[in-house]
$ cat my_file_33.txt   # compact mmCIF, C-alpha atoms and all ligand atoms
# COMPACT_ATOMS: atom_id res chain seq x y z
CA MET A 1 22.67 -4.22 12.43
CA LYS A 2 23.20 -7.32 10.33
CA ASN A 3 21.81 -7.22 6.79
CA SER A 4 21.81 -3.42 6.86
CA PHE A 5 21.55 -1.94 3.36
CA ASP A 6 20.40 1.22 1.62
CA THR A 7 16.66 0.55 1.37
CA SER A 8 16.19 3.48 -1.02
CA THR A 9 17.51 1.15 -3.74
CA VAL A 10 14.56 -1.24 -3.52
CA LYS A 11 11.23 -0.83 -5.38
CA LYS A 12 8.22 -0.56 -3.11
CA ALA A 13 4.51 -1.38 -3.21
CA THR A 14 2.01 -0.17 -0.61
CA LEU A 15 -1.29 -1.95 0.06
CA HIS A 16 -2.46 -0.60 3.41
CA GLU A 17 -2.85 3.15 3.58
CA HIS A 18 -5.94 5.11 4.64
CA ILE A 19 -6.27 8.17 2.45
CA GLU A 20 -7.32 10.47 5.29
CA GLY A 21 -4.39 9.15 7.36
CA THR A 22 -1.89 10.38 4.78
CA VAL A 23 -2.49 14.05 5.67
CA THR A 24 0.91 15.34 6.74
CA PRO A 25 1.17 18.16 9.31
CA GLU A 26 2.24 20.47 6.46
CA MET A 27 -0.85 19.48 4.47
CA ALA A 28 -3.06 19.88 7.58
CA VAL A 29 -1.93 23.51 7.89
CA LYS A 30 -2.60 24.10 4.19
CA LEU A 31 -6.12 22.60 4.42
CA ALA A 32 -6.89 24.42 7.69
CA ASN A 33 -5.98 27.72 6.02
CA ARG A 34 -8.08 26.86 3.00
CA HIS A 35 -11.16 26.16 5.10
CA GLN A 36 -10.38 28.81 7.74
CA VAL A 37 -10.35 26.20 10.47
CA LYS A 38 -8.31 26.89 13.59
CA LEU A 39 -6.20 23.84 14.50
CA PRO A 40 -6.18 22.96 18.23
CA GLU A 41 -3.44 24.55 20.31
CA GLY A 42 -0.25 22.45 20.22
CA PHE A 43 -1.67 20.14 17.52
CA ILE A 44 1.61 20.14 15.59
CA MET A 45 5.09 20.19 17.09
CA ALA A 46 7.08 23.37 16.59
CA GLU A 47 10.23 23.16 14.49
CA GLY A 48 13.22 22.26 16.59
CA GLN A 49 11.16 19.98 18.88
CA TYR A 50 11.69 16.98 16.63
CA ASP A 51 14.21 15.56 14.16
CA LYS A 52 13.41 16.98 10.74
CA ASN A 53 15.31 14.10 9.06
CA ASP A 54 12.96 11.62 10.69
CA PHE A 55 9.81 13.70 10.12
CA PRO A 56 10.44 15.64 6.89
CA ASN A 57 6.78 16.74 6.57
CA GLY A 58 6.33 17.90 10.15
CA ARG A 59 5.21 16.01 13.25
CA TYR A 60 1.88 15.87 15.06
CA ALA A 61 2.22 16.49 18.79
CA TYR A 62 0.09 13.63 20.21
CA ASN A 63 1.53 11.33 22.85
CA GLU A 64 2.20 7.97 21.20
CA SER A 65 1.24 6.00 24.28
CA GLU A 66 -2.22 7.61 24.46
CA PHE A 67 -4.57 5.87 22.03
CA GLY A 68 -7.26 8.54 22.56
CA GLU A 69 -4.85 11.31 21.52
CA PHE A 70 -3.96 9.39 18.36
CA ILE A 71 -7.65 9.00 17.43
CA THR A 72 -8.36 12.70 18.09
CA THR A 73 -5.42 13.66 15.88
CA TYR A 74 -6.58 11.30 13.13
CA ASP A 75 -10.14 12.62 13.27
CA THR A 76 -9.04 16.27 13.32
CA ALA A 77 -6.76 15.79 10.30
CA ALA A 78 -9.38 13.70 8.45
CA ALA A 79 -12.06 16.34 9.06
CA LEU A 80 -9.93 18.83 7.12
CA MET A 81 -10.56 16.82 3.94
CA LYS A 82 -13.84 18.20 2.69
CA THR A 83 -13.79 19.02 -1.02
CA PRO A 84 -12.73 17.28 -4.25
CA GLN A 85 -9.78 19.73 -4.37
CA ASP A 86 -8.66 18.53 -0.92
CA TYR A 87 -8.76 14.89 -2.05
CA TYR A 88 -6.88 15.80 -5.21
CA ASP A 89 -4.15 17.64 -3.25
CA VAL A 90 -3.74 14.93 -0.62
CA THR A 91 -3.65 12.09 -3.18
CA LYS A 92 -1.20 13.96 -5.40
CA ASP A 93 1.05 14.83 -2.46
CA TYR A 94 1.10 11.25 -1.17
CA LEU A 95 1.63 9.54 -4.52
CA THR A 96 4.35 11.98 -5.58
CA LYS A 97 6.32 11.39 -2.38
CA ASN A 98 5.74 7.64 -2.65
CA ALA A 99 6.92 7.49 -6.28
CA ASN A 100 9.99 9.56 -5.46
CA ALA A 101 10.89 7.01 -2.78
CA GLY A 102 10.80 4.07 -5.20
CA GLY A 103 7.05 3.38 -5.05
CA VAL A 104 5.70 1.54 -8.08
CA TYR A 105 2.25 0.50 -6.83
CA VAL A 106 -0.17 1.85 -4.21
CA GLU A 107 -3.56 0.85 -2.87
CA MET A 108 -5.37 3.32 -0.66
CA ILE A 109 -8.34 2.74 1.61
CA LEU A 110 -11.32 5.07 1.12
CA SER A 111 -14.20 5.40 3.54
CA PRO A 112 -17.39 6.46 1.70
CA TRP A 113 -18.93 7.32 5.09
CA HIS A 114 -16.25 9.95 5.41
CA MET A 115 -15.75 11.03 1.84
CA SER A 116 -19.05 10.70 0.04
CA THR A 117 -21.82 11.81 2.40
CA THR A 118 -24.11 14.81 2.55
CA LYS A 119 -26.68 15.76 5.16
CA ASN A 120 -30.21 14.66 4.48
CA PRO A 121 -32.16 17.97 4.68
CA GLU A 122 -35.17 16.27 6.29
CA THR A 123 -33.53 14.05 8.90
CA GLY A 124 -30.31 16.05 9.35
CA LYS A 125 -28.41 12.75 9.20
CA ASP A 126 -25.42 11.92 6.98
CA GLN A 127 -26.29 9.88 3.91
CA LEU A 128 -24.16 8.33 1.18
CA ASP A 129 -24.41 10.54 -1.90
CA ALA A 130 -23.64 9.12 -5.35
CA LYS A 131 -23.17 12.56 -6.92
CA LYS A 132 -20.65 13.67 -4.29
CA HIS A 133 -18.89 10.31 -4.57
CA ALA A 134 -18.51 10.80 -8.33
CA GLN A 135 -17.02 14.27 -7.79
CA MET A 136 -14.56 13.01 -5.19
CA MET A 137 -13.55 10.04 -7.34
CA GLY A 138 -13.11 12.40 -10.30
CA ALA A 139 -10.62 14.52 -8.34
CA ILE A 140 -8.79 11.47 -7.00
CA THR A 141 -8.63 9.90 -10.47
CA LYS A 142 -7.09 13.08 -11.86
CA ALA A 143 -4.28 12.89 -9.26
CA VAL A 144 -3.78 9.17 -9.96
CA GLU A 145 -3.58 9.67 -13.72
CA GLU A 146 -1.16 12.58 -13.41
CA CYS A 147 1.13 10.56 -11.13
CA LYS A 148 0.98 7.58 -13.48
CA GLU A 149 1.94 9.85 -16.37
CA GLU A 150 4.74 11.57 -14.42
CA TYR A 151 6.22 8.65 -12.47
CA GLY A 152 4.67 5.46 -13.85
CA ILE A 153 3.13 4.63 -10.44
CA GLU A 154 -0.08 2.54 -10.50
CA THR A 155 -2.83 3.16 -7.92
CA ARG A 156 -6.07 1.41 -6.92
CA PHE A 157 -8.56 1.90 -4.07
CA ILE A 158 -10.38 -0.14 -1.47
CA ALA A 159 -13.76 1.09 -0.27
CA THR A 160 -14.15 0.32 3.38
CA GLY A 161 -16.91 -0.08 5.89
CA VAL A 162 -16.31 1.05 9.47
CA ARG A 163 -17.22 -1.81 11.80
CA ASN A 164 -17.87 0.31 14.88
CA MET A 165 -20.63 2.08 12.89
CA GLY A 166 -22.51 -1.23 12.92
CA LYS A 167 -23.36 -3.92 10.41
CA GLU A 168 -26.11 -1.90 8.70
CA ALA A 169 -23.66 0.93 7.93
CA VAL A 170 -21.13 -1.57 6.55
CA MET A 171 -23.85 -3.13 4.40
CA GLU A 172 -24.80 0.32 3.13
CA VAL A 173 -21.23 0.84 1.91
CA ALA A 174 -21.25 -2.56 0.18
CA LYS A 175 -24.54 -1.64 -1.58
CA PHE A 176 -23.25 1.84 -2.41
CA VAL A 177 -20.10 0.57 -4.15
CA HIS A 178 -22.14 -2.12 -5.87
CA ASP A 179 -24.49 0.54 -7.26
CA ASN A 180 -21.70 3.03 -8.04
CA PRO A 181 -18.81 1.03 -9.48
CA HIS A 182 -15.58 2.82 -10.34
CA PRO A 183 -12.69 1.30 -12.32
CA LEU A 184 -10.11 2.32 -9.69
CA ILE A 185 -12.08 0.85 -6.77
CA THR A 186 -11.09 -2.80 -6.94
CA GLY A 187 -11.40 -3.86 -3.33
CA PHE A 188 -13.68 -3.82 -0.31
CA GLY A 189 -12.58 -3.75 3.29
CA ILE A 190 -13.58 -3.55 6.90
CA ALA A 191 -11.76 -1.12 9.17
CA GLY A 192 -12.48 0.73 12.40
CA ASP A 193 -12.54 -0.56 15.97
CA GLU A 194 -11.84 -4.29 15.73
CA ARG A 195 -13.57 -4.96 19.01
CA ALA A 196 -16.96 -3.97 17.55
CA GLY A 197 -19.00 -6.96 16.39
CA GLU A 198 -17.88 -10.25 14.84
CA PHE A 199 -16.90 -10.90 11.24
CA ASP A 200 -20.02 -13.00 10.78
CA ASP A 201 -22.06 -9.82 11.35
CA PHE A 202 -20.54 -8.53 8.13
CA ALA A 203 -20.83 -11.76 6.13
CA ASP A 204 -23.64 -10.39 3.91
CA ALA A 205 -21.75 -7.19 3.16
CA LEU A 206 -18.59 -9.13 2.32
CA ALA A 207 -20.55 -11.52 0.10
CA LEU A 208 -22.20 -8.64 -1.77
CA ALA A 209 -18.84 -6.92 -2.30
CA LYS A 210 -17.41 -10.17 -3.64
CA ALA A 211 -20.39 -10.60 -5.95
CA SER A 212 -19.73 -7.04 -7.18
CA GLY A 213 -16.31 -8.23 -8.36
CA LEU A 214 -14.33 -6.68 -5.51
CA LYS A 215 -11.52 -8.47 -3.65
CA LEU A 216 -11.53 -8.39 0.13
CA ALA A 217 -8.90 -6.93 2.46
CA VAL A 218 -10.02 -6.64 6.06
CA HIS A 219 -8.42 -5.45 9.28
CA ALA A 220 -7.97 -8.47 11.55
CA GLY A 221 -5.64 -9.75 14.23
CA GLU A 222 -4.46 -6.28 15.19
CA ILE A 223 -6.18 -5.93 18.54
CA ARG A 224 -8.00 -9.27 18.58
CA GLY A 225 -6.63 -12.77 18.56
CA PRO A 226 -6.00 -15.28 15.76
CA LYS A 227 -9.68 -16.32 15.58
CA SER A 228 -10.46 -12.97 13.96
CA ILE A 229 -7.96 -13.90 11.23
CA SER A 230 -9.43 -17.36 10.63
CA ASP A 231 -12.93 -15.79 10.53
CA ALA A 232 -11.72 -13.30 7.91
CA ILE A 233 -10.21 -16.09 5.82
CA ARG A 234 -13.39 -18.17 6.09
CA LEU A 235 -15.43 -15.20 4.82
CA GLY A 236 -13.25 -14.82 1.74
CA ALA A 237 -10.58 -12.24 2.63
CA SER A 238 -7.56 -12.30 0.31
CA ARG A 239 -5.58 -10.12 2.68
CA VAL A 240 -5.61 -9.25 6.35
CA GLY A 241 -4.57 -5.86 7.66
CA HIS A 242 -2.02 -6.15 10.52
CA GLY A 243 -2.60 -9.84 11.43
CA VAL A 244 -0.10 -9.52 14.28
CA SER A 245 -1.82 -12.18 16.41
CA ALA A 246 -1.44 -14.86 13.70
CA VAL A 247 1.70 -16.15 15.45
CA GLN A 248 -0.38 -17.23 18.42
CA ASP A 249 -1.96 -20.05 16.39
CA ASP A 250 0.02 -22.54 14.28
CA GLN A 251 -3.05 -23.52 12.26
CA VAL A 252 -3.71 -19.88 11.31
CA MET A 253 -0.05 -19.53 10.28
CA LYS A 254 -0.38 -22.65 8.15
CA ASP A 255 -3.62 -21.44 6.55
CA LEU A 256 -2.16 -18.03 5.71
CA ALA A 257 0.84 -19.64 4.01
CA GLU A 258 -1.01 -22.42 2.19
CA LYS A 259 -3.99 -20.35 1.07
CA LYS A 260 -1.64 -17.53 0.05
CA ILE A 261 -3.43 -14.94 2.16
CA MET A 262 -1.32 -11.83 2.59
CA VAL A 263 -0.61 -10.16 5.92
CA GLU A 264 -0.27 -6.39 5.52
CA VAL A 265 2.40 -5.52 8.07
CA CYS A 266 2.44 -1.91 9.32
CA PRO A 267 5.54 -1.69 11.56
CA THR A 268 5.31 1.82 13.05
CA SER A 269 1.53 1.67 13.42
CA ASN A 270 1.78 -1.74 15.09
CA ARG A 271 4.54 -0.56 17.44
CA ILE A 272 2.36 2.34 18.58
CA LEU A 273 -1.10 0.71 18.62
CA VAL A 274 -0.64 -3.01 19.31
CA ASN A 275 -0.25 -3.39 23.06
CA ASP A 276 1.22 -6.91 22.80
CA LEU A 277 4.35 -5.47 21.17
CA LYS A 278 5.02 -3.31 24.25
CA GLY A 279 6.24 -0.50 22.02
CA ASP A 280 9.15 -2.56 20.72
CA LEU A 281 9.43 -3.94 17.18
CA ALA A 282 11.70 -6.67 18.53
CA ASN A 283 8.38 -8.26 19.58
CA HIS A 284 6.83 -7.95 16.10
CA PRO A 285 6.24 -11.25 14.26
CA ALA A 286 7.05 -9.96 10.72
CA ARG A 287 10.18 -12.11 10.44
CA LYS A 288 8.34 -15.19 11.71
CA LEU A 289 5.50 -14.64 9.23
CA TYR A 290 7.92 -14.27 6.34
CA ASP A 291 10.01 -17.31 7.26
CA ALA A 292 6.82 -19.38 7.54
CA GLY A 293 6.19 -18.74 3.85
CA ILE A 294 3.42 -16.19 4.43
CA GLN A 295 3.29 -13.36 1.92
CA ILE A 296 3.67 -10.01 3.68
CA SER A 297 3.77 -6.41 2.55
CA ILE A 298 5.29 -3.40 4.36
CA ASN A 299 2.95 -0.47 4.88
CA PRO A 300 2.54 2.88 6.67
CA ASP A 301 -1.21 2.50 7.55
CA ASP A 302 -1.53 6.26 8.24
CA ALA A 303 1.63 7.81 6.81
CA GLY A 304 0.80 11.40 7.75
CA ILE A 305 -0.49 10.76 11.25
CA PHE A 306 2.40 8.44 12.19
CA GLY A 307 4.97 10.73 10.56
CA THR A 308 6.11 7.93 8.30
CA ASN A 309 5.97 6.77 4.70
CA THR A 310 6.68 3.61 2.74
CA ALA A 311 10.39 4.47 2.50
CA LYS A 312 10.70 4.93 6.27
CA GLU A 313 8.80 1.67 6.92
CA HIS A 314 11.34 -0.14 4.73
CA ARG A 315 14.22 1.36 6.72
CA VAL A 316 12.46 0.39 9.95
CA SER A 317 11.86 -3.15 8.62
CA ASN A 318 15.47 -3.55 7.58
CA ASN A 319 16.56 -2.49 11.06
CA ALA A 320 14.00 -4.36 13.12
CA PHE A 321 13.50 -7.55 11.10
CA GLY A 322 16.77 -7.73 9.16
CA PHE A 323 15.04 -8.11 5.79
CA THR A 324 17.69 -8.14 3.08
CA LYS A 325 17.39 -6.46 -0.31
CA ALA A 326 16.43 -9.76 -1.95
CA GLU A 327 13.78 -10.38 0.72
CA MET A 328 12.40 -6.87 0.34
CA THR A 329 12.27 -7.26 -3.43
CA ASP A 330 10.34 -10.49 -2.90
CA ILE A 331 8.05 -8.67 -0.44
CA THR A 332 7.35 -5.98 -3.07
CA LEU A 333 6.63 -8.67 -5.66
CA CYS A 334 4.29 -10.39 -3.15
CA ALA A 335 2.46 -7.08 -2.68
CA VAL A 336 1.94 -6.79 -6.43
CA ASP A 337 0.88 -10.45 -6.68
CA CYS A 338 -1.68 -9.92 -3.89
CA SER A 339 -2.76 -6.49 -5.13
CA PHE A 340 -6.24 -5.89 -6.46
CA ALA A 341 -5.06 -4.65 -9.86
CA ASP A 342 -5.96 -6.47 -13.07
CA VAL A 343 -3.68 -9.23 -14.36
CA LYS A 344 -2.15 -7.09 -17.12
CA THR A 345 -1.22 -4.25 -14.74
CA LYS A 346 0.30 -6.67 -12.24
CA LYS A 347 2.38 -8.26 -14.98
CA GLN A 348 3.65 -4.90 -16.18
CA VAL A 349 4.52 -3.65 -12.69
CA LYS A 350 6.35 -6.89 -11.88
CA GLU A 351 8.26 -6.82 -15.16
CA ASN A 352 9.49 -3.31 -14.27
CA ILE A 353 10.60 -4.49 -10.82
CA TYR A 354 12.55 -7.37 -12.37
CA LYS A 355 14.07 -4.95 -14.88
CA SER A 356 15.37 -2.80 -12.02
CA MET A 357 17.36 -5.75 -10.60
CA SER A 358 21.12 -5.78 -11.21
CA ALA A 359 23.20 -8.92 -11.80
CA GLU A 360 24.23 -8.68 -8.15
CA ASP A 361 20.56 -8.49 -7.07
CA ARG A 362 19.75 -11.62 -9.09
CA LYS A 363 22.65 -13.43 -7.51
CA GLU A 364 21.41 -12.47 -4.03
CA MET A 365 17.91 -13.68 -4.93
CA ALA A 366 19.33 -17.03 -6.10
CA GLU A 367 21.26 -17.42 -2.82
CA LEU A 368 18.16 -16.58 -0.83
CA ALA A 369 16.16 -19.21 -2.73
CA ALA A 370 18.89 -21.82 -2.32
CA ASN A 371 18.97 -21.28 1.46
CA ALA A 372 15.21 -21.06 2.05
CA LYS A 373 14.00 -23.71 4.49
CA ASN A 374 10.23 -23.37 4.27
CA PRO A 375 8.98 -25.22 1.15
CA ILE A 376 6.32 -22.61 0.26
CA LEU A 377 8.86 -19.81 0.58
CA LYS A 378 11.41 -21.79 -1.42
CA GLU A 379 8.98 -22.49 -4.24
CA ARG A 380 8.09 -18.80 -4.45
CA LEU A 381 11.71 -17.64 -4.39
CA ASP A 382 12.67 -20.19 -7.06
CA SER A 383 9.99 -18.70 -9.29
CA ARG A 384 11.37 -15.20 -8.57
CA VAL A 385 14.84 -16.37 -9.65
CA LYS A 386 13.45 -17.86 -12.86
CA GLU A 387 11.47 -14.74 -13.68
CA SER A 388 14.39 -12.41 -12.94
CA GLU A 389 16.57 -14.47 -15.30
CA ARG A 390 13.91 -14.51 -18.00
CA VAL A 391 13.52 -10.72 -17.84
CA ALA A 392 17.30 -10.20 -17.81
CA LYS A 393 17.61 -12.40 -20.90
CA LYS A 394 14.82 -10.50 -22.61
CA MET A 395 16.58 -7.22 -21.82
CA ARG A 396 19.87 -8.53 -23.26
CA ILE A 397 18.13 -9.58 -26.48
CA GLU A 398 16.40 -6.21 -26.74
CA GLU A 399 19.71 -4.46 -26.19
CA MET A 400 21.39 -6.57 -28.91
CA LYS A 401 18.52 -5.87 -31.29
CA GLY A 402 18.83 -2.17 -30.52
CA LYS A 403 22.56 -2.23 -31.23
CA ALA A 404 22.06 -4.18 -34.46
CA LEU A 405 19.37 -1.75 -35.56
CA LYS A 406 21.66 1.18 -34.77
CA SER A 407 24.58 -0.28 -36.70
CA SER A 408 22.38 -1.23 -39.67
CA LYS A 409 21.00 2.30 -39.61
CA SER A 410 24.48 3.78 -39.61
CA SER A 411 25.67 1.40 -42.38
CA ASN A 412 22.59 2.36 -44.41
CA LEU A 413 23.51 5.99 -43.89
CA ALA A 414 27.08 5.30 -44.99
CA LEU A 415 25.80 3.50 -48.08
CA ALA A 416 23.46 6.38 -48.91
CA LYS A 417 26.34 8.80 -48.48
CA ARG A 418 28.57 6.73 -50.79
CA LEU A 419 25.84 6.58 -53.43
CA LYS A 420 25.35 10.33 -53.13
CA ASP A 421 29.10 10.93 -53.41
CA ASN A 422 29.29 8.66 -56.50
CA LYS A 423 26.43 10.53 -58.12
CA SER A 424 27.94 13.91 -57.56
CA ARG A 425 31.24 12.76 -59.00
ZN ZN J 501 -5.54 0.36 8.71
$ encode --input "my_file_33.txt" --output "structure tokens"
Amino acid sequence: MKNSFDTSTVKKATLHEHIEGTVTPEMAVKLANRHQVKLPEGFIMAEGQYDKNDFPNGRYAYNESEFGEFITTYDTAAALMKTPQDYYDVTKDYLTKNANAGGVYVEMILSPWHMSTTKNPETGKDQLDAKKHAQMMGAITKAVEECKEEYGIETRFIATGVRNMGKEAVMEVAKFVHDNPHPLITGFGIAGDERAGEFDDFADALALAKASGLKLAVHAGEIRGPKSISDAIRLGASRVGHGVSAVQDDQVMKDLAEKKIMVEVCPTSNRILVNDLKGDLANHPARKLYDAGIQISINPDDAGIFGTNTAKEHRVSNNAFGFTKAEMTDITLCAVDCSFADVKTKKQVKENIYKSMSAEDRKEMAELAANAKNPILKERLDSRVKESERVAKKMRIEEMKGKALKSSKSSNLALAKRLKDNKSR
């Protein structure tokens, strides 16, 4: 494959990952044992039935071409997450693996309707419960803080409404996060079956979330056409999840590039779930989106259920779309730029990415910028080159200062020793 390189050497940022979808088969077994739940027969493939190198944390046994089987697997794994301890374990497991694979920033999608409900004793119906939500967020925050301390990885969350539950249920989530703000929840989203309802049905919920200070990242253009993407943009989305159908409409492509709306690309998920791709990433528009100047990120969507992770999605993207190391570094920087972290955090994370670049990496970035044809892409890459040079210069100055300090320290020591020797003479 042309442009093939060792993708483990590139820093990675993940923006599209459903927390319940990160449950690996190994974790599913652990949670099932904890809650004394019997997993369905043949739920997980036996060892030897799959390539352990490709699926290091086990493999679910569903048939990839059966959407219903995928949903059942997702729901079964998600239902195993019940307690704050479960959310702590799953978050810690995911972030640790992500950080060890070069992850520097992660955003995860939370569904309060899944995570933060209790049964109303009178009606017997599920209701959003602020107390339970606080307990769950407490456990998740503990995992996030530990991983930041251990690996330096930054994490934020997007609270999501599920569109197939109806517009009232989505509005309830928007109200719930408005009334129960949390410093790590910085975004609001819409997920679930894209065929249910129109974006305008959720306009009020999106407006309330925005007024609560949350940025918007919604699933669009995965199953439905480009109109769903332009609707999402019109209603204030900063990012669209999947956005595969954008290529069907030149105006949508133009809007995404010019308005700097990110498309969260999820290669393996798209290969399995987007019928238009016919199971082949050769049909995926990621390369076209990137070359049109649109900011993209590379994501697992449901790392555990798809038997993938951010590292694997980068290998897949290198293979399928031929993204070079410089392009992937730009993609990571785009993800941080379009993340829902505060300005200071973004700046810090980006500085660390630039610091990780070698002289060779900077040279490659400069060549990429020089050869870029799309003006929006070129402008962005030129700014990457400038920044990478600024950080490299800063590092050189710091290094020189460090050396000077060291030598002045050692000459001070020598002077002190001479004085001491003179005294004792
Ligand atoms: Zn998703």
$ residues_around --input "my_file_33.txt" --residues "segment 45-57 of chain A" --least-positions-apart "4" --cutoff "10 Å" --atoms "all atoms listed in the file" --output "VMD selection string"
chain A and resid 23 to 27 61 to 62 304 306 to 309 312
$ write_last_selection --input "my_file_33.txt" --atoms "C-alpha atoms" --output "CSV table (one decimal), in the coordinates of the input"
chain,number,residue,atom,x,y,z
A,23,VAL,CA,-2.5,14.0,5.7
A,24,THR,CA,0.9,15.3,6.7
A,25,PRO,CA,1.2,18.2,9.3
A,26,GLU,CA,2.2,20.5,6.5
A,27,MET,CA,-0.8,19.5,4.5
A,61,ALA,CA,2.2,16.5,18.8
A,62,TYR,CA,0.1,13.6,20.2
A,304,GLY,CA,0.8,11.4,7.8
A,306,PHE,CA,2.4,8.4,12.2
A,307,GLY,CA,5.0,10.7,10.6
A,308,THR,CA,6.1,7.9,8.3
A,309,ASN,CA,6.0,6.8,4.7
A,312,LYS,CA,10.7,4.9,6.3
$ atom_distance --input "my_file_33.txt" --atom1 "atom CA of Val385 of chain A" --atom2 "atom CA of Pro267 of chain A"
27.4 Å
$ residues_near_ligand --input "my_file_33.txt" --ligand "ligand ZN 501 (chain J)" --cutoff "9 Å" --atoms "only C-alpha atoms and all ligand atoms" --output "list in words"
His16, Glu17, His18, Gly21, Ile109, Ala191, Gly192, Val218, His219, Gly241, His242, Cys266, Ser269, Pro300, Asp301 and Asp302 of chain A
$ residues_around --input "my_file_33.txt" --residues "Gly189 of chain A" --least-positions-apart "5" --cutoff "6 Å" --atoms "only C-alpha atoms" --output "ChimeraX atom specification"
/A:160,216-218
$ write_last_selection --input "my_file_33.txt" --atoms "C-alpha atoms" --output "PDB file, in the frame of the given file"
ATOM      1  CA  THR A 160     -14.150   0.320   3.380  1.00  0.00           C
ATOM      2  CA  LEU A 216     -11.530  -8.390   0.130  1.00  0.00           C
ATOM      3  CA  ALA A 217      -8.900  -6.930   2.460  1.00  0.00           C
ATOM      4  CA  VAL A 218     -10.020  -6.640   6.060  1.00  0.00           C
TER       5      VAL A 218
END
$ residues_around --input "my_file_33.txt" --residues "Asp342 of chain A" --least-positions-apart "4" --cutoff "12 Å" --atoms "only C-alpha atoms" --output "PyMOL selection string"
chain A and resi 154-156+183-187+213-215+336-338+346-349
$ axis_aligned_box --input "my_file_33.txt" --around "segment 60-68 of chain A" --padding-each-side "5 Å" --output "AutoDock Vina command-line options"
--center_x -2.5 --center_y 11.2 --center_z 19.8 --size_x 19.5 --size_y 20.6 --size_z 19.4
$ residues_around --input "my_file_33.txt" --residues "segment 195-202 of chain A" --least-positions-apart "6" --cutoff "7 Å" --atoms "all atoms listed in the file" --output "PDB file with C-alpha atoms, in the frame of the given file"
ATOM      1  CA  ARG A 163     -17.220  -1.810  11.800  1.00  0.00           C
ATOM      2  CA  ASN A 164     -17.870   0.310  14.880  1.00  0.00           C
ATOM      3  CA  LYS A 167     -23.360  -3.920  10.410  1.00  0.00           C
ATOM      4  CA  ASP A 231     -12.930 -15.790  10.530  1.00  0.00           C
ATOM      5  CA  ALA A 232     -11.720 -13.300   7.910  1.00  0.00           C
TER       6      ALA A 232
END
$ closest_residue --input "my_file_33.txt" --among "A:Asn3, A:Thr117, A:Gln36, A:Ser297" --to "Ser339 of chain A" --atoms "all atoms listed in the file"
A:Ser297
$ residues_near_point --input "my_file_33.txt" --point "(-13.0, 8.8, 1.2)" --cutoff "9 Å" --atoms "all atoms listed in the file" --output "PDB file with C-alpha atoms, in the frame of the given file"
ATOM      1  CA  HIS A  18      -5.940   5.110   4.640  1.00  0.00           C
ATOM      2  CA  ILE A  19      -6.270   8.170   2.450  1.00  0.00           C
ATOM      3  CA  GLU A  20      -7.320  10.470   5.290  1.00  0.00           C
ATOM      4  CA  MET A  81     -10.560  16.820   3.940  1.00  0.00           C
ATOM      5  CA  TYR A  87      -8.760  14.890  -2.050  1.00  0.00           C
ATOM      6  CA  ILE A 109      -8.340   2.740   1.610  1.00  0.00           C
ATOM      7  CA  LEU A 110     -11.320   5.070   1.120  1.00  0.00           C
ATOM      8  CA  SER A 111     -14.200   5.400   3.540  1.00  0.00           C
ATOM      9  CA  PRO A 112     -17.390   6.460   1.700  1.00  0.00           C
ATOM     10  CA  TRP A 113     -18.930   7.320   5.090  1.00  0.00           C
ATOM     11  CA  HIS A 114     -16.250   9.950   5.410  1.00  0.00           C
ATOM     12  CA  MET A 115     -15.750  11.030   1.840  1.00  0.00           C
ATOM     13  CA  SER A 116     -19.050  10.700   0.040  1.00  0.00           C
ATOM     14  CA  HIS A 133     -18.890  10.310  -4.570  1.00  0.00           C
ATOM     15  CA  MET A 136     -14.560  13.010  -5.190  1.00  0.00           C
ATOM     16  CA  MET A 137     -13.550  10.040  -7.340  1.00  0.00           C
ATOM     17  CA  ALA A 159     -13.760   1.090  -0.270  1.00  0.00           C
ATOM     18  CA  THR A 160     -14.150   0.320   3.380  1.00  0.00           C
TER      19      THR A 160
END
$ closest_residue --input "my_file_33.txt" --among "A:Ile140, A:Ile71, A:Val10, A:Ile229" --to "Phe323 of chain A" --atoms "all atoms listed in the file"
A:Val10
$ residues_near_point --input "my_file_33.txt" --point "(0.7, -16.2, 18.3)" --cutoff "12 Å" --atoms "all atoms listed in the file" --output "list in words"
Gly221, Glu222, Arg224, Gly225, Pro226, Lys227, Ile229, Gly243, Val244, Ser245, Ala246, Val247, Gln248, Asp249, Asp250, Gln251, Val252, Met253, Asp276, Leu277, Asn283, His284, Pro285, Ala286, Lys288 and Leu289 of chain A
$ closest_residue --input "my_file_33.txt" --among "A:Leu95, A:Val29, A:Ile272, A:Met108" --to "Glu69 of chain A" --atoms "only C-alpha atoms"
A:Ile272
$ decode --input "my_file_33.txt" --residues "segment 406-410 of chain A" --atoms "N, CA and C atoms" --output "mmCIF file, in the first residue's frame"
data_model
loop_
_atom_site.group_PDB
_atom_site.id
_atom_site.type_symbol
_atom_site.label_atom_id
_atom_site.label_comp_id
_atom_site.auth_asym_id
_atom_site.auth_seq_id
_atom_site.Cartn_x
_atom_site.Cartn_y
_atom_site.Cartn_z
ATOM 1 N N LYS A 406 22.602 24.177 33.871
ATOM 2 C CA LYS A 406 23.373 23.044 34.365
ATOM 3 C C LYS A 406 24.851 23.420 34.484
ATOM 4 N N SER A 407 25.365 24.090 33.414
ATOM 5 C CA SER A 407 26.804 24.402 33.450
ATOM 6 C C SER A 407 27.080 25.495 34.479
ATOM 7 N N SER A 408 26.120 26.445 34.660
ATOM 8 C CA SER A 408 26.376 27.471 35.674
ATOM 9 C C SER A 408 26.298 26.853 37.065
ATOM 10 N N LYS A 409 25.402 25.859 37.197
ATOM 11 C CA LYS A 409 25.318 25.142 38.477
ATOM 12 C C LYS A 409 26.627 24.428 38.766
ATOM 13 N N SER A 410 27.163 23.740 37.721
ATOM 14 C CA SER A 410 28.382 22.973 37.973
ATOM 15 C C SER A 410 29.570 23.913 38.169
#
